[in-house]
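See structure below.
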Amino acid sequence: MAIQELTVPTPAPRTPPKPRRISRDTVAAWLYLAPAGILLAAVLIYPIYQIVLISFFDYGQAQATGAAPLEFIGLGNYRELLSDSQFWIVLANTFVFGGVCVIGGLVVGTALAVLATRVRAVPRMLLFLAALGAWATPAMAGSYVWLFLFDADFGIVNEALSGLGFGSMDGHSWTFGTLSAFGLVAAEVIWCSFPFVMVTMYAGIKAIPEEVLEAAALDGASTWRSARSVILPMLRPLLLIATIQSIIWDFKVFTQIYVMTNGGGVAGRNLVLNVYAYQKAFAGQEYGLGSAIGVLMTLLLLSITGLYVRSQRRSTPWQ
């Protein structure tokens with residue numbers, strides 16, 4: 001009986017991958033973006049370089065005027081900052097305050113965008129005019145308007161609450177307590193920022209084809225189910241843009257906090273990182289320490305934005 005030899009088939013040689021060719025559209029896009037990129041690089045890179053450089057020096061008023069030489073201290077400003085208990089309190093205030101403002105702006109803006117799609121033309125126009133008026137109001141002017149409305153002696157809000165039977169609100173100071181002051185400033189920030197979210201979400205909702213919504217209704221999907229499974233997944237790119245913009249804006253609020261809490265509240269109880277950096281750099285004339293705060297804040301914003309974008313790319317669409 002002959003024994004048959006088993007032959008192992010040899011794998012076929014792998015063909016090398018074809019080199020990717022850059023299309024003409026890609027080259028044209030980069031050429032169109034190049035002028036804006038060069039301008040942004042010139043405007044942003046050099047100031048960031050200077051801030052990072054100053055943060056490594058003992059740079060005060062004497063060094064700024066040339067009365068004393070610069071002294072390189074390396075990470076000394078960062079060590080001093082991280083060992084200061086007030087910095088960690090201010091950092092926690094910034095995270096909580098910024099998070100409330102971002103979530104509040106997204107919720108209010110999205111809710112009003114949905115409302116704008118359900119009302120007639122005239123109410124919708126009035127809603128957009130009011131929203132754009134809030135968006136166009138300068139932060140300084142808006143802060144003083146809100147302070148006048150919530151003034152302890154002459155504010156309309158206290159008078160209205162007292163007239164409704166809340167006698168304890170007569171003469172109440174909204175900017176004295178830590179939580180009430182943060183809440184008042186957060187409400188003003190949300191009032192200024194929700195129009196961007198509202199306009200963005202309204203444009204996205206109107207861009208959804210009617211056939212998609214009709215198909216969901218024919219399949220028996222409720223309004224809430226259609227919103228979760230159809231509308232929100234289609235609005236995801238716009239939500240990503242609105243969230244990133246809100247994070248960048250709301251985590252670096254300065255004017256509203258500084259004006260409405262008179263520089264950070266009683267004994268600095270309402271400080272956030274931007275106001276804290278201003279106090280250290282300009283009021284305290286410690287420019288190196290203020291620059292270190294600015295560098296840390298930039299890194300925190302980049303980290304938060306990067307983590308959010310990464311989580312949105314990895315997560316599955318809403319079910």
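Order determines the names: the first chain of the structure tokens is A, the second B, and so forth; residues in each chain are numbered 1 upward, and ligands are numbered 1 upward as they are shown.
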
> Skipping near chain neighbours, those fewer than 2 positions away, what residues fall within 12 Å of His172 of chain A using only C-alpha atoms, listed as JSON, numbers by chain?
Replying inline: {"A": [150, 151, 152, 153, 154, 155, 156, 157, 158, 159, 161, 162, 166, 167, 168, 169, 170, 174, 175, 176, 177, 180, 181]}

Fewer than 2 positions away in the same chain doesn't count, so skip those; otherwise give me all residues within 7 Å of segment 71-87 of chain A, counting only C-alpha atoms, as an mmCIF file with N, CA, C and O atoms, in the first residue's frame.
data_model
loop_
_atom_site.group_PDB
_atom_site.id
_atom_site.type_symbol
_atom_site.label_atom_id
_atom_site.label_comp_id
_atom_site.auth_asym_id
_atom_site.auth_seq_id
_atom_site.Cartn_x
_atom_site.Cartn_y
_atom_site.Cartn_z
ATOM 1 N N SER A 55 6.503 81.486 31.984
ATOM 2 C CA SER A 55 6.136 80.658 33.137
ATOM 3 C C SER A 55 7.334 79.969 33.777
ATOM 4 O O SER A 55 7.233 79.473 34.895
ATOM 5 N N PHE A 56 8.482 79.942 33.089
ATOM 6 C CA PHE A 56 9.686 79.319 33.645
ATOM 7 C C PHE A 56 10.606 80.318 34.345
ATOM 8 O O PHE A 56 11.689 79.952 34.788
ATOM 9 N N PHE A 57 10.167 81.589 34.445
ATOM 10 C CA PHE A 57 11.011 82.624 35.038
ATOM 11 C C PHE A 57 10.300 83.263 36.230
ATOM 12 O O PHE A 57 9.066 83.250 36.334
ATOM 13 N N ASP A 58 11.124 83.825 37.121
ATOM 14 C CA ASP A 58 10.602 84.679 38.180
ATOM 15 C C ASP A 58 10.413 86.067 37.575
ATOM 16 O O ASP A 58 11.317 86.910 37.575
ATOM 17 N N PRO A 69 17.160 91.656 36.919
ATOM 18 C CA PRO A 69 17.386 90.661 35.858
ATOM 19 C C PRO A 69 16.410 89.493 35.988
ATOM 20 O O PRO A 69 15.882 89.204 37.057
ATOM 21 N N ILE A 89 -8.965 74.706 45.092
ATOM 22 C CA ILE A 89 -10.349 75.154 45.297
ATOM 23 C C ILE A 89 -10.855 75.886 44.057
ATOM 24 O O ILE A 89 -11.980 75.661 43.588
ATOM 25 N N VAL A 90 -10.015 76.769 43.512
ATOM 26 C CA VAL A 90 -10.395 77.505 42.306
ATOM 27 C C VAL A 90 -10.582 76.544 41.130
ATOM 28 O O VAL A 90 -11.502 76.710 40.320
ATOM 29 N N LEU A 91 -9.715 75.534 41.025
ATOM 30 C CA LEU A 91 -9.846 74.558 39.947
ATOM 31 C C LEU A 91 -11.163 73.797 40.055
ATOM 32 O O LEU A 91 -11.865 73.582 39.042
ATOM 33 N N GLY A 288 4.968 85.604 35.993
ATOM 34 C CA GLY A 288 5.376 84.215 35.781
ATOM 35 C C GLY A 288 4.361 83.236 36.328
ATOM 36 O O GLY A 288 4.027 82.233 35.675
ATOM 37 N N LEU A 289 3.841 83.524 37.525
ATOM 38 C CA LEU A 289 2.833 82.650 38.114
ATOM 39 C C LEU A 289 1.531 82.709 37.322
ATOM 40 O O LEU A 289 0.875 81.687 37.102
ATOM 41 N N ALA A 292 1.905 80.613 34.285
ATOM 42 C CA ALA A 292 1.794 79.180 34.593
ATOM 43 C C ALA A 292 0.330 78.764 34.703
ATOM 44 O O ALA A 292 -0.055 77.679 34.240
#

> Out of segment 54-211 of chain A, which residues get alpha helix (DSSP H) from DSSP, as a ChimeraX atom specification?
Replying inline: /A:54,61-65,76-82,85-118,121-136,139-149,156-163,178-207,210-211

For the selection you just gave me, I'd like the residues written to a file as a tab-separated table (two decimals), in the first residue's frame, keeping C-alpha atoms.
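Saved result, part24.tsv, follows:
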chain	number	residue	atom	x	y	z
A	54	ILE	CA	7.58	83.43	30.95
A	61	GLN	CA	7.09	94.08	37.92
A	62	ALA	CA	10.79	94.68	38.52
A	63	GLN	CA	11.74	92.31	35.69
A	64	ALA	CA	9.09	93.79	33.40
A	65	THR	CA	10.49	97.31	33.84
A	76	GLY	CA	9.19	76.68	40.32
A	77	ASN	CA	6.00	78.54	39.41
A	78	TYR	CA	4.20	75.27	38.74
A	79	ARG	CA	5.39	73.76	42.03
A	80	GLU	CA	4.24	76.84	43.92
A	81	LEU	CA	0.89	76.71	42.17
A	82	LEU	CA	0.26	73.02	42.76
A	85	SER	CA	-4.57	74.94	48.44
A	86	GLN	CA	-6.44	77.91	46.96
A	87	PHE	CA	-5.49	76.79	43.45
A	88	TRP	CA	-7.23	73.44	43.94
A	89	ILE	CA	-10.35	75.15	45.30
A	90	VAL	CA	-10.39	77.51	42.31
A	91	LEU	CA	-9.85	74.56	39.95
A	92	ALA	CA	-12.82	72.70	41.46
A	93	ASN	CA	-14.95	75.86	41.20
A	94	THR	CA	-13.98	76.20	37.54
A	95	PHE	CA	-14.90	72.60	36.69
A	96	VAL	CA	-18.27	72.71	38.47
A	97	PHE	CA	-19.18	76.17	37.21
A	98	GLY	CA	-18.09	75.43	33.64
A	99	GLY	CA	-19.91	72.09	33.62
A	100	VAL	CA	-23.16	73.68	34.80
A	101	CYS	CA	-22.89	76.39	32.15
A	102	VAL	CA	-22.14	73.91	29.34
A	103	ILE	CA	-24.97	71.53	30.26
A	104	GLY	CA	-27.40	74.38	30.88
A	105	GLY	CA	-26.62	76.05	27.56
A	106	LEU	CA	-27.00	72.79	25.64
A	107	VAL	CA	-30.29	71.88	27.33
A	108	VAL	CA	-31.86	75.34	26.99
A	109	GLY	CA	-30.62	75.86	23.43
A	110	THR	CA	-31.76	72.42	22.22
A	111	ALA	CA	-35.15	72.72	23.91
A	112	LEU	CA	-35.79	76.12	22.32
A	113	ALA	CA	-34.63	74.80	18.94
A	114	VAL	CA	-37.23	72.03	19.16
A	115	LEU	CA	-39.83	74.62	20.23
A	116	ALA	CA	-38.93	76.80	17.24
A	117	THR	CA	-39.75	73.92	14.89
A	118	ARG	CA	-43.21	73.52	16.46
A	121	ALA	CA	-43.58	81.87	11.71
A	122	VAL	CA	-44.28	84.99	13.80
A	123	PRO	CA	-43.57	83.44	17.25
A	124	ARG	CA	-40.51	81.74	15.77
A	125	MET	CA	-39.21	85.05	14.43
A	126	LEU	CA	-39.75	86.74	17.82
A	127	LEU	CA	-37.97	83.85	19.55
A	128	PHE	CA	-34.96	84.13	17.26
A	129	LEU	CA	-34.83	87.92	17.62
A	130	ALA	CA	-34.84	87.63	21.41
A	131	ALA	CA	-32.17	84.94	21.32
A	132	LEU	CA	-29.93	86.83	18.92
A	133	GLY	CA	-30.40	89.98	21.03
A	134	ALA	CA	-29.07	88.08	24.06
A	135	TRP	CA	-26.18	86.72	21.99
A	136	ALA	CA	-25.27	90.15	20.62
A	139	ALA	CA	-20.73	90.55	28.28
A	140	MET	CA	-20.05	93.70	30.31
A	141	ALA	CA	-23.43	95.25	29.54
A	142	GLY	CA	-25.29	91.97	30.11
A	143	SER	CA	-23.58	91.50	33.47
A	144	TYR	CA	-24.66	94.94	34.70
A	145	VAL	CA	-28.21	94.38	33.45
A	146	TRP	CA	-28.44	91.14	35.45
A	147	LEU	CA	-26.97	92.87	38.51
A	148	PHE	CA	-29.65	95.55	38.23
A	149	LEU	CA	-32.43	92.96	37.89
A	156	ILE	CA	-37.22	93.74	39.99
A	157	VAL	CA	-36.72	90.07	40.92
A	158	ASN	CA	-36.72	90.70	44.68
A	159	GLU	CA	-39.76	92.96	44.41
A	160	ALA	CA	-41.63	90.35	42.36
A	161	LEU	CA	-40.79	87.57	44.81
A	162	SER	CA	-41.79	89.73	47.77
A	163	GLY	CA	-45.08	90.53	46.07
A	178	THR	CA	-21.07	81.51	47.27
A	179	LEU	CA	-23.70	79.26	45.68
A	180	SER	CA	-26.20	82.03	44.93
A	181	ALA	CA	-23.48	84.16	43.31
A	182	PHE	CA	-22.24	81.27	41.19
A	183	GLY	CA	-25.84	80.45	40.26
A	184	LEU	CA	-26.57	84.03	39.22
A	185	VAL	CA	-23.44	84.23	37.06
A	186	ALA	CA	-24.15	80.80	35.55
A	187	ALA	CA	-27.67	81.93	34.60
A	188	GLU	CA	-26.23	85.00	32.87
A	189	VAL	CA	-23.62	82.92	31.02
A	190	ILE	CA	-26.29	80.46	29.86
A	191	TRP	CA	-28.44	83.40	28.74
A	192	CYS	CA	-25.54	84.65	26.61
A	193	SER	CA	-24.51	81.26	25.18
A	194	PHE	CA	-27.72	79.33	24.49
A	195	PRO	CA	-28.53	81.22	21.21
A	196	PHE	CA	-25.54	79.61	19.46
A	197	VAL	CA	-26.75	76.14	20.45
A	198	MET	CA	-30.32	77.04	19.52
A	199	VAL	CA	-29.48	78.26	16.02
A	200	THR	CA	-27.14	75.30	15.39
A	201	MET	CA	-29.64	72.69	16.54
A	202	TYR	CA	-32.53	74.36	14.70
A	203	ALA	CA	-30.57	74.22	11.43
A	204	GLY	CA	-29.79	70.55	12.04
A	205	ILE	CA	-33.40	69.63	12.83
A	206	LYS	CA	-34.70	71.41	9.73
A	207	ALA	CA	-32.12	69.55	7.61
A	210	GLU	CA	-39.33	64.55	6.35
A	211	GLU	CA	-39.36	61.07	4.83

> What does the distance between atom CA of Tyr308 of chain A and atom CA of Ile247 of chain A come to in Å, to one decimal place?
Replying inline: 10.0 Å

> Between atom CA of Ala277 of chain A and atom CA of Pro47 of chain A, what is the distance, to one decimal in Å?
Replying inline: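 Straight-line distance from atom CA of Ala277 of chain A to atom CA of Pro47 of chain A works out to 16.2 Å.
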
> If you measure from atom CA of Val275 of chain A to atom CA of Val295 of chain A, what distance in Å do you get, rounded to one decimal?
Replying inline: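 Interatomic distance, atom CA of Val275 of chain A to atom CA of Val295 of chain A: 14.3 Å.
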
>> Give me the residues near segment 224-239 of chain A as a list in words, where near means some atom within 8 Å (using only C-alpha atoms) and where sequence neighbours in that chain fewer than 3 positions away do not count.
In response: Thr200, Met201, Gly204, Ile205, Ile208, Val212, Leu213, Ala216, Ala217, Ala221, Ala242, Thr243, Pro317, Trp318 and Gln319 of chain A

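Closest approach to Leu301 of chain A among A:Tyr258, A:Phe282, A:Tyr59, A:Trp249: A:Trp249, based on only C-alpha atoms.
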